[in-house]
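The file data-v9.txt contains compact mmCIF, C-alpha atoms and all ligand atoms:
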# COMPACT_ATOMS: atom_id res chain seq x y z
CA MET Y 1 -51.96 110.89 27.28
CA LYS Y 2 -49.16 108.36 27.19
CA LEU Y 3 -50.48 105.20 28.82
CA SER Y 4 -47.15 103.71 29.90
CA GLY Y 5 -47.26 103.32 33.68
CA LYS Y 6 -50.89 104.42 33.75
CA THR Y 7 -53.90 102.60 35.19
CA VAL Y 8 -56.80 102.06 32.82
CA VAL Y 9 -60.31 100.76 33.49
CA LEU Y 10 -61.67 99.31 30.26
CA THR Y 11 -65.16 97.83 29.80
CA GLY Y 12 -65.92 95.25 27.13
CA ALA Y 13 -62.43 93.81 27.58
CA GLY Y 14 -63.58 90.23 27.03
CA SER Y 15 -63.90 90.41 23.25
CA GLY Y 16 -63.36 92.28 20.02
CA ILE Y 17 -62.22 95.88 20.08
CA GLY Y 18 -61.98 96.04 23.88
CA ARG Y 19 -59.81 92.94 24.04
CA ALA Y 20 -57.51 94.16 21.27
CA LEU Y 21 -57.25 97.57 22.94
CA ALA Y 22 -56.45 95.95 26.31
CA HIS Y 23 -53.61 94.08 24.56
CA GLN Y 24 -52.33 97.30 22.99
CA ILE Y 25 -52.36 99.10 26.32
CA ALA Y 26 -50.57 96.23 28.07
CA ARG Y 27 -47.96 96.16 25.31
CA GLY Y 28 -47.61 99.93 25.70
CA GLY Y 29 -46.74 99.59 29.38
CA GLY Y 30 -50.14 100.37 30.90
CA ARG Y 31 -52.04 98.38 33.49
CA VAL Y 32 -55.58 97.42 32.56
CA PHE Y 33 -58.48 96.56 34.83
CA GLY Y 34 -60.47 94.76 32.16
CA CYS Y 35 -64.20 94.59 32.89
CA ASP Y 36 -66.77 92.43 31.17
CA ILE Y 37 -69.96 90.55 31.94
CA ARG Y 38 -68.42 87.33 30.51
CA SER Y 39 -65.65 86.00 32.72
CA GLU Y 40 -64.58 83.41 30.11
CA GLY Y 41 -63.96 86.26 27.66
CA LEU Y 42 -61.81 88.06 30.23
CA ASP Y 43 -59.81 84.89 30.93
CA GLU Y 44 -59.18 84.50 27.22
CA THR Y 45 -58.07 88.12 26.90
CA ARG Y 46 -55.49 87.49 29.61
CA GLU Y 47 -54.38 84.11 28.21
CA LEU Y 48 -53.81 85.62 24.78
CA LEU Y 49 -51.19 88.00 26.20
CA PRO Y 50 -47.58 86.85 26.30
CA PRO Y 51 -46.79 85.50 29.81
CA GLU Y 52 -44.63 88.49 30.72
CA LEU Y 53 -47.56 90.87 30.13
CA ARG Y 54 -50.32 88.89 31.85
CA ASN Y 55 -49.94 90.77 35.12
CA SER Y 56 -50.71 93.95 33.22
CA PHE Y 57 -54.26 92.72 32.66
CA VAL Y 58 -56.46 92.35 35.73
CA PRO Y 59 -59.82 90.76 34.88
CA ARG Y 60 -62.87 92.09 36.73
CA MET Y 61 -66.25 90.57 36.03
CA LEU Y 62 -68.74 93.44 35.85
CA ASP Y 63 -72.18 94.11 34.46
CA VAL Y 64 -72.08 97.78 33.50
CA THR Y 65 -75.84 98.08 34.02
CA ASP Y 66 -75.29 97.37 37.73
CA ARG Y 67 -74.53 100.73 39.32
CA GLU Y 68 -73.79 99.29 42.75
CA ALA Y 69 -71.37 96.74 41.33
CA ILE Y 70 -69.53 99.56 39.55
CA VAL Y 71 -69.15 101.51 42.78
CA THR Y 72 -67.97 98.37 44.60
CA LEU Y 73 -65.40 97.73 41.88
CA ARG Y 74 -64.19 101.33 41.98
CA ASP Y 75 -63.90 101.37 45.77
CA GLY Y 76 -62.00 98.06 45.73
CA LEU Y 77 -59.25 99.25 43.37
CA ASP Y 78 -55.94 99.67 45.15
CA GLU Y 79 -54.64 102.36 42.80
CA PRO Y 80 -56.00 105.59 41.29
CA VAL Y 81 -57.40 105.35 37.79
CA ASP Y 82 -55.86 107.54 35.05
CA CYS Y 83 -58.02 106.50 32.13
CA LEU Y 84 -61.54 105.11 31.69
CA VAL Y 85 -62.49 103.47 28.40
CA ASN Y 86 -66.19 102.68 27.90
CA CYS Y 87 -66.20 100.04 25.18
CA ALA Y 88 -68.83 97.50 26.34
CA GLY Y 89 -71.80 97.47 24.01
CA ILE Y 90 -74.44 95.33 22.37
CA ILE Y 91 -76.53 95.60 19.24
CA GLN Y 92 -80.27 94.95 18.90
CA PRO Y 93 -82.05 92.36 16.75
CA PHE Y 94 -82.13 93.57 13.11
CA VAL Y 95 -85.83 94.45 12.97
CA ARG Y 96 -87.83 97.56 12.24
CA PHE Y 97 -88.59 99.76 15.22
CA ALA Y 98 -92.24 98.60 15.46
CA ASP Y 99 -91.11 94.95 15.64
CA LEU Y 100 -88.63 95.42 18.46
CA ASP Y 101 -89.89 94.14 21.79
CA ASP Y 102 -89.67 96.24 24.93
CA ASP Y 103 -87.14 93.95 26.65
CA ALA Y 104 -84.67 94.14 23.77
CA MET Y 105 -85.08 97.91 23.59
CA GLU Y 106 -84.40 98.34 27.29
CA ARG Y 107 -81.46 95.92 27.27
CA VAL Y 108 -79.66 97.86 24.53
CA PHE Y 109 -80.20 101.20 26.22
CA ASN Y 110 -79.27 99.84 29.63
CA VAL Y 111 -75.93 98.47 28.44
CA ASN Y 112 -74.88 101.08 25.89
CA TRP Y 113 -76.26 104.23 27.45
CA PHE Y 114 -76.82 103.70 31.17
CA GLY Y 115 -73.76 101.43 31.42
CA THR Y 116 -71.58 104.19 30.00
CA LEU Y 117 -73.30 106.78 32.16
CA HIS Y 118 -72.88 104.78 35.40
CA MET Y 119 -69.20 104.18 34.66
CA ILE Y 120 -68.54 107.86 33.99
CA ARG Y 121 -70.43 109.02 37.06
CA ALA Y 122 -68.49 106.57 39.23
CA PHE Y 123 -65.02 107.31 37.87
CA LEU Y 124 -65.13 110.97 36.80
CA PRO Y 125 -64.48 112.47 40.27
CA GLY Y 126 -61.33 110.36 40.64
CA LEU Y 127 -60.16 111.18 37.12
CA LEU Y 128 -60.52 114.89 37.85
CA GLU Y 129 -58.15 114.54 40.79
CA ARG Y 130 -55.28 113.17 38.67
CA SER Y 131 -52.67 115.51 37.22
CA GLU Y 132 -53.66 114.19 33.79
CA ALA Y 133 -56.46 111.83 32.92
CA GLN Y 134 -58.41 110.52 29.97
CA LEU Y 135 -62.01 109.50 29.32
CA VAL Y 136 -62.66 107.48 26.17
CA ASN Y 137 -66.20 106.66 25.02
CA VAL Y 138 -66.89 104.28 22.15
CA GLY Y 139 -69.76 105.41 19.93
CA SER Y 140 -70.36 104.10 16.44
CA MET Y 141 -70.91 104.98 12.80
CA SER Y 142 -74.53 104.74 13.99
CA SER Y 143 -73.86 107.82 16.14
CA ILE Y 144 -73.64 109.71 12.83
CA ALA Y 145 -76.00 108.06 10.35
CA PRO Y 146 -78.71 105.45 10.87
CA LEU Y 147 -78.45 101.75 10.18
CA PRO Y 148 -81.85 100.29 9.27
CA GLY Y 149 -82.82 97.71 11.89
CA GLN Y 150 -80.72 99.39 14.60
CA ALA Y 151 -82.90 102.33 15.64
CA ILE Y 152 -82.39 101.91 19.36
CA TYR Y 153 -78.74 100.92 19.06
CA GLY Y 154 -78.18 104.04 16.94
CA ALA Y 155 -80.08 106.23 19.37
CA SER Y 156 -77.98 104.92 22.27
CA LYS Y 157 -74.78 105.58 20.32
CA ALA Y 158 -75.92 109.05 19.22
CA ALA Y 159 -76.59 109.81 22.90
CA ILE Y 160 -73.05 108.69 23.75
CA LYS Y 161 -71.68 110.98 21.03
CA LEU Y 162 -73.51 114.02 22.38
CA LEU Y 163 -72.64 113.24 25.98
CA THR Y 164 -68.98 112.89 25.04
CA GLU Y 165 -69.03 116.14 23.10
CA THR Y 166 -70.58 117.92 26.07
CA LEU Y 167 -68.02 116.49 28.47
CA TYR Y 168 -65.29 117.61 26.08
CA ALA Y 169 -66.74 121.13 26.19
CA GLU Y 170 -67.20 121.14 29.96
CA TYR Y 171 -63.67 119.92 30.73
CA LEU Y 172 -61.79 121.78 27.97
CA ALA Y 173 -59.59 123.71 30.35
CA SER Y 174 -58.94 120.85 32.75
CA ASN Y 175 -56.62 117.90 33.32
CA LEU Y 176 -59.14 115.62 31.58
CA GLN Y 177 -58.73 114.70 27.92
CA VAL Y 178 -62.01 113.46 26.44
CA THR Y 179 -61.99 111.21 23.39
CA LEU Y 180 -64.88 110.02 21.21
CA VAL Y 181 -64.22 106.80 19.27
CA LEU Y 182 -66.40 106.09 16.23
CA PRO Y 183 -65.91 102.64 14.67
CA GLY Y 184 -67.63 101.80 11.37
CA ALA Y 185 -67.39 98.10 10.64
CA VAL Y 186 -64.99 95.96 12.65
CA ALA Y 187 -64.95 92.15 12.53
CA THR Y 188 -65.91 91.00 16.05
CA ASN Y 189 -68.40 88.65 17.70
CA ILE Y 190 -70.74 91.48 18.64
CA SER Y 191 -73.81 89.73 17.17
CA GLN Y 192 -73.15 86.53 19.06
CA ASN Y 193 -72.24 88.43 22.24
CA SER Y 194 -75.49 90.37 21.89
CA GLY Y 195 -77.40 87.07 21.73
CA LEU Y 196 -78.28 87.45 18.03
CA LYS Y 197 -77.96 85.60 14.80
CA MET Y 198 -77.11 87.88 11.87
CA PRO Y 199 -79.86 87.87 9.23
CA GLU Y 200 -79.15 86.85 5.65
CA ARG Y 201 -78.87 89.93 3.40
CA LYS Y 202 -81.70 89.52 0.91
CA THR Y 203 -81.71 92.98 -0.65
CA GLY Y 204 -79.28 95.86 -0.99
CA ASP Y 205 -76.01 95.79 -2.83
CA ASN Y 206 -73.44 93.03 -2.91
CA ARG Y 207 -70.34 95.16 -2.86
CA PRO Y 208 -67.34 93.79 -0.98
CA ARG Y 209 -67.48 94.99 2.59
CA ASP Y 210 -64.64 97.02 4.06
CA VAL Y 211 -64.51 95.48 7.48
CA ALA Y 212 -61.52 96.29 9.64
CA GLY Y 213 -59.92 93.82 12.03
CA ALA Y 214 -60.15 94.41 15.79
CA GLU Y 215 -56.35 94.65 16.01
CA ASP Y 216 -56.22 97.39 13.40
CA ALA Y 217 -59.07 99.22 15.10
CA ALA Y 218 -57.31 98.98 18.46
CA ARG Y 219 -54.04 100.28 17.00
CA THR Y 220 -55.85 103.33 15.65
CA ILE Y 221 -57.67 103.93 18.94
CA PHE Y 222 -54.52 103.44 21.03
CA ALA Y 223 -52.54 105.89 18.89
CA ALA Y 224 -55.37 108.43 19.15
CA ILE Y 225 -55.56 108.11 22.94
CA GLU Y 226 -51.81 108.57 23.23
CA ALA Y 227 -51.94 111.58 20.92
CA GLY Y 228 -54.79 113.07 22.98
CA GLU Y 229 -57.11 113.23 19.98
CA TYR Y 230 -60.67 114.31 20.56
CA ARG Y 231 -62.41 112.33 17.82
CA VAL Y 232 -61.32 109.05 16.26
CA LEU Y 233 -62.82 107.75 13.02
CA VAL Y 234 -61.62 104.17 13.28
CA ASP Y 235 -61.96 102.69 9.79
CA LYS Y 236 -62.67 103.36 6.13
CA MET Y 237 -66.43 102.82 6.33
CA VAL Y 238 -67.04 105.41 9.04
CA ILE Y 239 -64.79 107.90 7.25
CA GLU Y 240 -66.90 107.51 4.09
CA VAL Y 241 -70.21 107.74 5.95
CA GLU Y 242 -69.11 110.85 7.82
CA ALA Y 243 -67.97 112.54 4.58
CA LEU Y 244 -71.28 111.74 2.89
CA TYR Y 245 -73.33 112.86 5.90
CA ARG Y 246 -71.51 116.19 6.08
CA ARG Y 247 -72.16 116.82 2.38
CA ASP Y 248 -75.82 115.79 2.33
CA PRO Y 249 -77.47 114.20 5.40
CA GLN Y 250 -80.57 113.07 3.50
CA ALA Y 251 -78.49 111.42 0.78
CA ALA Y 252 -76.41 109.73 3.48
CA ILE Y 253 -79.52 108.28 5.15
CA GLU Y 254 -80.84 107.06 1.81
CA THR Y 255 -77.47 105.50 0.95
CA MET Y 256 -77.42 103.72 4.32
CA ALA Y 257 -80.96 102.45 3.63
CA ARG Y 258 -79.93 101.16 0.21
CA ASN Y 259 -76.67 99.59 1.33
CA PHE Y 260 -77.82 98.10 4.61
CA GLY Y 261 -81.59 97.66 4.12
CA GLY Y 262 -80.89 94.02 3.27
CA LEU Y 263 -79.99 93.42 6.91
CA LEU Y 264 -83.71 93.71 7.67
CA GLY Y 265 -84.13 90.45 5.79
CA ASP Y 266 -87.25 91.31 3.76
N1 LIG Y 301 -67.78 95.82 15.66
C1 LIG Y 301 -68.21 96.88 15.03
O1 LIG Y 301 -68.33 96.89 13.79
C2 LIG Y 301 -68.58 98.13 15.78
C3 LIG Y 301 -68.99 99.25 15.03
C4 LIG Y 301 -69.33 100.40 15.72
C5 LIG Y 301 -69.25 100.45 17.10
N2 LIG Y 301 -68.85 99.35 17.79
C6 LIG Y 301 -68.82 99.45 19.26
O2 LIG Y 301 -67.58 99.01 19.74
C7 LIG Y 301 -67.74 98.47 21.05
C8 LIG Y 301 -67.10 97.10 21.12
O3 LIG Y 301 -67.80 96.25 20.24
P1 LIG Y 301 -67.18 94.92 19.63
O4 LIG Y 301 -67.55 94.90 18.20
O5 LIG Y 301 -65.78 94.76 20.03
O6 LIG Y 301 -68.14 93.84 20.33
P2 LIG Y 301 -67.80 92.55 21.21
O7 LIG Y 301 -69.09 91.86 21.43
O8 LIG Y 301 -66.71 91.78 20.57
O9 LIG Y 301 -67.28 93.20 22.58
C9 LIG Y 301 -68.17 93.83 23.45
C10 LIG Y 301 -67.96 93.29 24.86
O10 LIG Y 301 -68.87 93.96 25.74
C11 LIG Y 301 -69.29 93.02 26.70
N3 LIG Y 301 -70.55 93.38 27.33
C12 LIG Y 301 -71.80 93.30 26.82
N4 LIG Y 301 -72.70 93.65 27.74
C13 LIG Y 301 -72.01 93.97 28.87
C14 LIG Y 301 -72.39 94.40 30.16
N5 LIG Y 301 -73.68 94.55 30.50
N6 LIG Y 301 -71.42 94.63 31.07
C15 LIG Y 301 -70.12 94.46 30.75
N7 LIG Y 301 -69.70 94.04 29.55
C16 LIG Y 301 -70.64 93.80 28.61
C17 LIG Y 301 -69.45 91.73 25.90
O11 LIG Y 301 -69.48 90.59 26.75
C18 LIG Y 301 -68.26 91.78 24.97
O12 LIG Y 301 -67.16 91.10 25.52
C19 LIG Y 301 -69.26 98.45 21.31
O13 LIG Y 301 -69.60 99.55 22.11
C20 LIG Y 301 -69.85 98.57 19.93
O14 LIG Y 301 -71.13 99.16 19.94
C21 LIG Y 301 -68.52 98.20 17.18
Translate the structure of the given file into structure tokens.
Ligand SMILES: NC(=O)c1ccc[n+]([C@@H]2O[C@H](COP(=O)([O-])OP(=O)(O)OC[C@H]3O[C@@H](n4cnc5c(N)ncnc54)[C@H](O)[C@@H]3O)[C@@H](O)[C@H]2O)c1
Amino acid sequence: MKLSGKTVVLTGAGSGIGRALAHQIARGGGRVFGCDIRSEGLDETRELLPPELRNSFVPRMLDVTDREAIVTLRDGLDEPVDCLVNCAGIIQPFVRFADLDDDAMERVFNVNWFGTLHMIRAFLPGLLERSEAQLVNVGSMSSIAPLPGQAIYGASKAAIKLLTETLYAEYLASNLQVTLVLPGAVATNISQNSGLKMPERKTGDNRPRDVAGAEDAARTIFAAIEAGEYRVLVDKMVIEVEALYRRDPQAAIETMARNFGGLLGD
């Protein structure tokens, strides 16, 4: 769906991929209600736009785990929403499953899974009333193959992938285009924004890492949304992991363990 003149609600707009995507949409002529739990991040997203585009970005502080706040935000919007992008997300501490405390586990699932779910449940009825509409959910390479030390993050992202696939199936013959976005490795402040320090890599390989920039990722995602694509592999790393997983899932898991096991720091 072409986003020029369209109204978009975008979570995670205060940093990284969400911020860069908000900028793309504003540059493309869309109007973005940018939601994030960090108001300073939202202010920065707006400030970083050229002055003539700043009115195209409306910051809305929102915790996506707060279902009532989502409904209040939705009911307070003075225009119908054409597109919902669920991009807000956090990672977990890089520890083995047994070492993850209950609070961290619940926090990750509440933001990534229930946050996405609450947003969709609040906005889907309105989207279905538009002549054309789009729902975009951001999963991860971890929706496809596991990253050691991110069991719960991966499970939350795999759940998003399956939910998105099901919604795609359920709304195939409707006005609603459903898009699943799968980033691999994109340089953002997700660790810091998740309240973590990244561990030193003590084992695993030392190969140069193919990490995309948030702007490049956003360009790919924006083009895919406008082209009405169903599934977006955002960068080189996720393309490689997907190819390997399709060929041999067990080999893919073992490769992930070898390449990323060092993130566990032991
Ligand atoms: N960066 C990567 O390599 C990568 C890889 C795969 C998937 N992803 C996914 O892409 C999405 C964006 O990640 P990013 O790398 O740009 O991270 P980021 O930290 O730069 O941006 C995420 C934003 O979500 C916001 N957020 C966190 N909890 C929230 C809440 N409860 N309510 C509202 N907003 C909240 C944060 O404040 C932050 O501004 C996430 O869903 C992430 O899982 C990122």
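For the residues Y:Leu53, Y:Ala145, Y:Ala88, Y:Leu3, ranking by smallest atom-to-atom distance to ligand LIG 301 (chain Y) using all atoms listed in the file places Y:Ala88 first.
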Could I get the residues of chain Y with an atom no further than 6 Å from an atom of ligand LIG 301 (chain Y), each paired with its nearest atom pair and that distance in Å to one decimal, using only C-alpha atoms and all ligand atoms, sorted by chain and residue number, as a tab-separated table?
residue	atom	partner	partner_atom	distance
Y:Thr11	CA	Y:LIG301	N7	5.9
Y:Gly12	CA	Y:LIG301	O10	3.5
Y:Ala13	CA	Y:LIG301	O12	5.8
Y:Gly14	CA	Y:LIG301	O12	4.0
Y:Ser15	CA	Y:LIG301	O12	4.0
Y:Gly16	CA	Y:LIG301	O8	3.4
Y:Ile17	CA	Y:LIG301	O5	3.7
Y:Gly18	CA	Y:LIG301	O5	5.6
Y:Asp36	CA	Y:LIG301	N7	3.7
Y:Ile37	CA	Y:LIG301	C15	4.1
Y:Arg38	CA	Y:LIG301	O11	5.1
Y:Leu62	CA	Y:LIG301	C15	5.4
Y:Asp63	CA	Y:LIG301	N6	3.5
Y:Val64	CA	Y:LIG301	N6	4.0
Y:Thr65	CA	Y:LIG301	N5	5.4
Y:Cys87	CA	Y:LIG301	O13	4.6
Y:Ala88	CA	Y:LIG301	O10	3.6
Y:Gly89	CA	Y:LIG301	O13	3.6
Y:Ile90	CA	Y:LIG301	C12	5.6
Y:Val111	CA	Y:LIG301	N5	5.0
Y:Val138	CA	Y:LIG301	O13	5.5
Y:Gly139	CA	Y:LIG301	C5	5.7
Y:Ser140	CA	Y:LIG301	C5	3.9
Y:Met141	CA	Y:LIG301	C4	5.7
Y:Pro183	CA	Y:LIG301	C4	4.2
Y:Gly184	CA	Y:LIG301	C3	4.7
Y:Ala185	CA	Y:LIG301	O1	3.5
Y:Val186	CA	Y:LIG301	O1	3.6
Y:Ala187	CA	Y:LIG301	N1	5.6
Y:Thr188	CA	Y:LIG301	O8	4.7
Y:Asn189	CA	Y:LIG301	O8	4.6
Y:Ile190	CA	Y:LIG301	O7	3.3
Y:Asn193	CA	Y:LIG301	O7	4.7
With C-alpha atoms retained, could you export that selection as a short mmCIF file (atom, residue, chain, number, x, y, z; two decimals), in the coordinates of the input?
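selection_14.cif, freshly written:
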data_model
loop_
_atom_site.label_atom_id
_atom_site.label_comp_id
_atom_site.auth_asym_id
_atom_site.auth_seq_id
_atom_site.Cartn_x
_atom_site.Cartn_y
_atom_site.Cartn_z
CA THR Y 11 -65.16 97.83 29.80
CA GLY Y 12 -65.92 95.25 27.13
CA ALA Y 13 -62.43 93.81 27.58
CA GLY Y 14 -63.58 90.23 27.03
CA SER Y 15 -63.90 90.41 23.25
CA GLY Y 16 -63.36 92.28 20.02
CA ILE Y 17 -62.22 95.88 20.08
CA GLY Y 18 -61.98 96.04 23.88
CA ASP Y 36 -66.77 92.43 31.17
CA ILE Y 37 -69.96 90.55 31.94
CA ARG Y 38 -68.42 87.33 30.51
CA LEU Y 62 -68.74 93.44 35.85
CA ASP Y 63 -72.18 94.11 34.46
CA VAL Y 64 -72.08 97.78 33.50
CA THR Y 65 -75.84 98.08 34.02
CA CYS Y 87 -66.20 100.04 25.18
CA ALA Y 88 -68.83 97.50 26.34
CA GLY Y 89 -71.80 97.47 24.01
CA ILE Y 90 -74.44 95.33 22.37
CA VAL Y 111 -75.93 98.47 28.44
CA VAL Y 138 -66.89 104.28 22.15
CA GLY Y 139 -69.76 105.41 19.93
CA SER Y 140 -70.36 104.10 16.44
CA MET Y 141 -70.91 104.98 12.80
CA PRO Y 183 -65.91 102.64 14.67
CA GLY Y 184 -67.63 101.80 11.37
CA ALA Y 185 -67.39 98.10 10.64
CA VAL Y 186 -64.99 95.96 12.65
CA ALA Y 187 -64.95 92.15 12.53
CA THR Y 188 -65.91 91.00 16.05
CA ASN Y 189 -68.40 88.65 17.70
CA ILE Y 190 -70.74 91.48 18.64
CA ASN Y 193 -72.24 88.43 22.24
#
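Atom CA of Asp99 of chain Y to atom CA of Leu263 of chain Y spans 14.2 Å [interatomic distance, one decimal].
One finds atom CA of Ala151 of chain Y at 26.9 Å from atom CA of Leu84 of chain Y.
Between atom CA of Asp66 of chain Y and atom CA of Ser39 of chain Y the interatomic distance comes to 15.7 Å.
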Residues within 12 Å of Ala224 of chain Y, all atoms listed in the file, excluding chain neighbours under 4 positions, as a CSV table (one decimal) with C-alpha atoms, keeping the file's coordinate frame:
chain,number,residue,atom,x,y,z
Y,1,MET,CA,-52.0,110.9,27.3
Y,2,LYS,CA,-49.2,108.4,27.2
Y,3,LEU,CA,-50.5,105.2,28.8
Y,21,LEU,CA,-57.2,97.6,22.9
Y,134,GLN,CA,-58.4,110.5,30.0
Y,136,VAL,CA,-62.7,107.5,26.2
Y,177,GLN,CA,-58.7,114.7,27.9
Y,178,VAL,CA,-62.0,113.5,26.4
Y,179,THR,CA,-62.0,111.2,23.4
Y,180,LEU,CA,-64.9,110.0,21.2
Y,181,VAL,CA,-64.2,106.8,19.3
Y,182,LEU,CA,-66.4,106.1,16.2
Y,217,ALA,CA,-59.1,99.2,15.1
Y,218,ALA,CA,-57.3,99.0,18.5
Y,219,ARG,CA,-54.0,100.3,17.0
Y,220,THR,CA,-55.8,103.3,15.6
Y,228,GLY,CA,-54.8,113.1,23.0
Y,229,GLU,CA,-57.1,113.2,20.0
Y,230,TYR,CA,-60.7,114.3,20.6
Y,231,ARG,CA,-62.4,112.3,17.8
Y,232,VAL,CA,-61.3,109.0,16.3
Y,233,LEU,CA,-62.8,107.8,13.0
Y,234,VAL,CA,-61.6,104.2,13.3
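Residues lying within 7 Å of Gly149 of chain Y, counting all atoms listed in the file and ignoring same-chain neighbours fewer than 5 positions away, are Phe94, Val95, Arg96, Phe97 and Leu264 of chain Y.
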Can you list every residue of segment 148-199 of chain Y that has an atom at most 12 Å from segment 124-130 of chain Y, with its nearest atom pair and the distance in Å to one decimal, using only C-alpha atoms, ordered by chain then number, as a Markdown table?
| residue | atom | partner | partner_atom | distance |
| --- | --- | --- | --- | --- |
| Y:Leu167 | CA | Y:Leu124 | CA | 10.4 |
| Y:Tyr171 | CA | Y:Leu128 | CA | 9.3 |
| Y:Ala173 | CA | Y:Leu128 | CA | 11.6 |
| Y:Ser174 | CA | Y:Leu128 | CA | 8.0 |
| Y:Asn175 | CA | Y:Leu128 | CA | 6.7 |
| Y:Leu176 | CA | Y:Leu128 | CA | 6.5 |
| Y:Gln177 | CA | Y:Leu127 | CA | 10.0 |
| Y:Val178 | CA | Y:Leu127 | CA | 11.1 |
With C-alpha atoms retained, could you export that selection as an mmCIF file, in the frame of the given file?
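New file out.cif:
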data_model
loop_
_atom_site.group_PDB
_atom_site.id
_atom_site.type_symbol
_atom_site.label_atom_id
_atom_site.label_comp_id
_atom_site.auth_asym_id
_atom_site.auth_seq_id
_atom_site.Cartn_x
_atom_site.Cartn_y
_atom_site.Cartn_z
ATOM 1 C CA LEU Y 167 -68.020 116.490 28.470
ATOM 2 C CA TYR Y 171 -63.670 119.920 30.730
ATOM 3 C CA ALA Y 173 -59.590 123.710 30.350
ATOM 4 C CA SER Y 174 -58.940 120.850 32.750
ATOM 5 C CA ASN Y 175 -56.620 117.900 33.320
ATOM 6 C CA LEU Y 176 -59.140 115.620 31.580
ATOM 7 C CA GLN Y 177 -58.730 114.700 27.920
ATOM 8 C CA VAL Y 178 -62.010 113.460 26.440
#
For segment 14-26 of chain Y, supply N, CA, C and O atoms and report the output as a PDB file, in the coordinates of the input.
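Output (result-v2.pdb):
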ATOM      1  N   GLY Y  14     -63.569  91.681  27.254  1.00  0.00           N
ATOM      2  CA  GLY Y  14     -63.580  90.230  27.030  1.00  0.00           C
ATOM      3  C   GLY Y  14     -63.741  89.825  25.589  1.00  0.00           C
ATOM      4  O   GLY Y  14     -63.868  88.622  25.300  1.00  0.00           O
ATOM      5  N   SER Y  15     -63.705  90.764  24.659  1.00  0.00           N
ATOM      6  CA  SER Y  15     -63.900  90.410  23.250  1.00  0.00           C
ATOM      7  C   SER Y  15     -63.560  91.594  22.356  1.00  0.00           C
ATOM      8  O   SER Y  15     -63.467  92.733  22.822  1.00  0.00           O
ATOM      9  N   GLY Y  16     -63.377  91.288  21.083  1.00  0.00           N
ATOM     10  CA  GLY Y  16     -63.360  92.280  20.020  1.00  0.00           C
ATOM     11  C   GLY Y  16     -62.431  93.476  20.219  1.00  0.00           C
ATOM     12  O   GLY Y  16     -61.247  93.330  20.538  1.00  0.00           O
ATOM     13  N   ILE Y  17     -63.007  94.647  20.037  1.00  0.00           N
ATOM     14  CA  ILE Y  17     -62.220  95.880  20.080  1.00  0.00           C
ATOM     15  C   ILE Y  17     -61.642  96.103  21.473  1.00  0.00           C
ATOM     16  O   ILE Y  17     -60.473  96.482  21.622  1.00  0.00           O
ATOM     17  N   GLY Y  18     -62.446  95.853  22.503  1.00  0.00           N
ATOM     18  CA  GLY Y  18     -61.980  96.040  23.880  1.00  0.00           C
ATOM     19  C   GLY Y  18     -60.812  95.138  24.215  1.00  0.00           C
ATOM     20  O   GLY Y  18     -59.837  95.566  24.841  1.00  0.00           O
ATOM     21  N   ARG Y  19     -60.917  93.870  23.788  1.00  0.00           N
ATOM     22  CA  ARG Y  19     -59.810  92.940  24.040  1.00  0.00           C
ATOM     23  C   ARG Y  19     -58.535  93.407  23.338  1.00  0.00           C
ATOM     24  O   ARG Y  19     -57.459  93.450  23.933  1.00  0.00           O
ATOM     25  N   ALA Y  20     -58.683  93.749  22.038  1.00  0.00           N
ATOM     26  CA  ALA Y  20     -57.510  94.160  21.270  1.00  0.00           C
ATOM     27  C   ALA Y  20     -56.906  95.443  21.859  1.00  0.00           C
ATOM     28  O   ALA Y  20     -55.673  95.609  21.894  1.00  0.00           O
ATOM     29  N   LEU Y  21     -57.753  96.328  22.343  1.00  0.00           N
ATOM     30  CA  LEU Y  21     -57.250  97.570  22.940  1.00  0.00           C
ATOM     31  C   LEU Y  21     -56.544  97.270  24.273  1.00  0.00           C
ATOM     32  O   LEU Y  21     -55.495  97.860  24.573  1.00  0.00           O
ATOM     33  N   ALA Y  22     -57.101  96.347  25.046  1.00  0.00           N
ATOM     34  CA  ALA Y  22     -56.450  95.950  26.310  1.00  0.00           C
ATOM     35  C   ALA Y  22     -55.042  95.415  26.011  1.00  0.00           C
ATOM     36  O   ALA Y  22     -54.073  95.737  26.714  1.00  0.00           O
ATOM     37  N   HIS Y  23     -54.927  94.620  24.941  1.00  0.00           N
ATOM     38  CA  HIS Y  23     -53.610  94.080  24.560  1.00  0.00           C
ATOM     39  C   HIS Y  23     -52.652  95.210  24.173  1.00  0.00           C
ATOM     40  O   HIS Y  23     -51.483  95.216  24.556  1.00  0.00           O
ATOM     41  N   GLN Y  24     -53.160  96.152  23.401  1.00  0.00           N
ATOM     42  CA  GLN Y  24     -52.330  97.300  22.990  1.00  0.00           C
ATOM     43  C   GLN Y  24     -51.818  98.058  24.209  1.00  0.00           C
ATOM     44  O   GLN Y  24     -50.661  98.434  24.290  1.00  0.00           O
ATOM     45  N   ILE Y  25     -52.735  98.311  25.138  1.00  0.00           N
ATOM     46  CA  ILE Y  25     -52.360  99.100  26.320  1.00  0.00           C
ATOM     47  C   ILE Y  25     -51.331  98.340  27.152  1.00  0.00           C
ATOM     48  O   ILE Y  25     -50.340  98.918  27.623  1.00  0.00           O
ATOM     49  N   ALA Y  26     -51.533  97.032  27.308  1.00  0.00           N
ATOM     50  CA  ALA Y  26     -50.570  96.230  28.070  1.00  0.00           C
ATOM     51  C   ALA Y  26     -49.205  96.253  27.383  1.00  0.00           C
ATOM     52  O   ALA Y  26     -48.163  96.424  28.034  1.00  0.00           O
TER      53      ALA Y  26
END
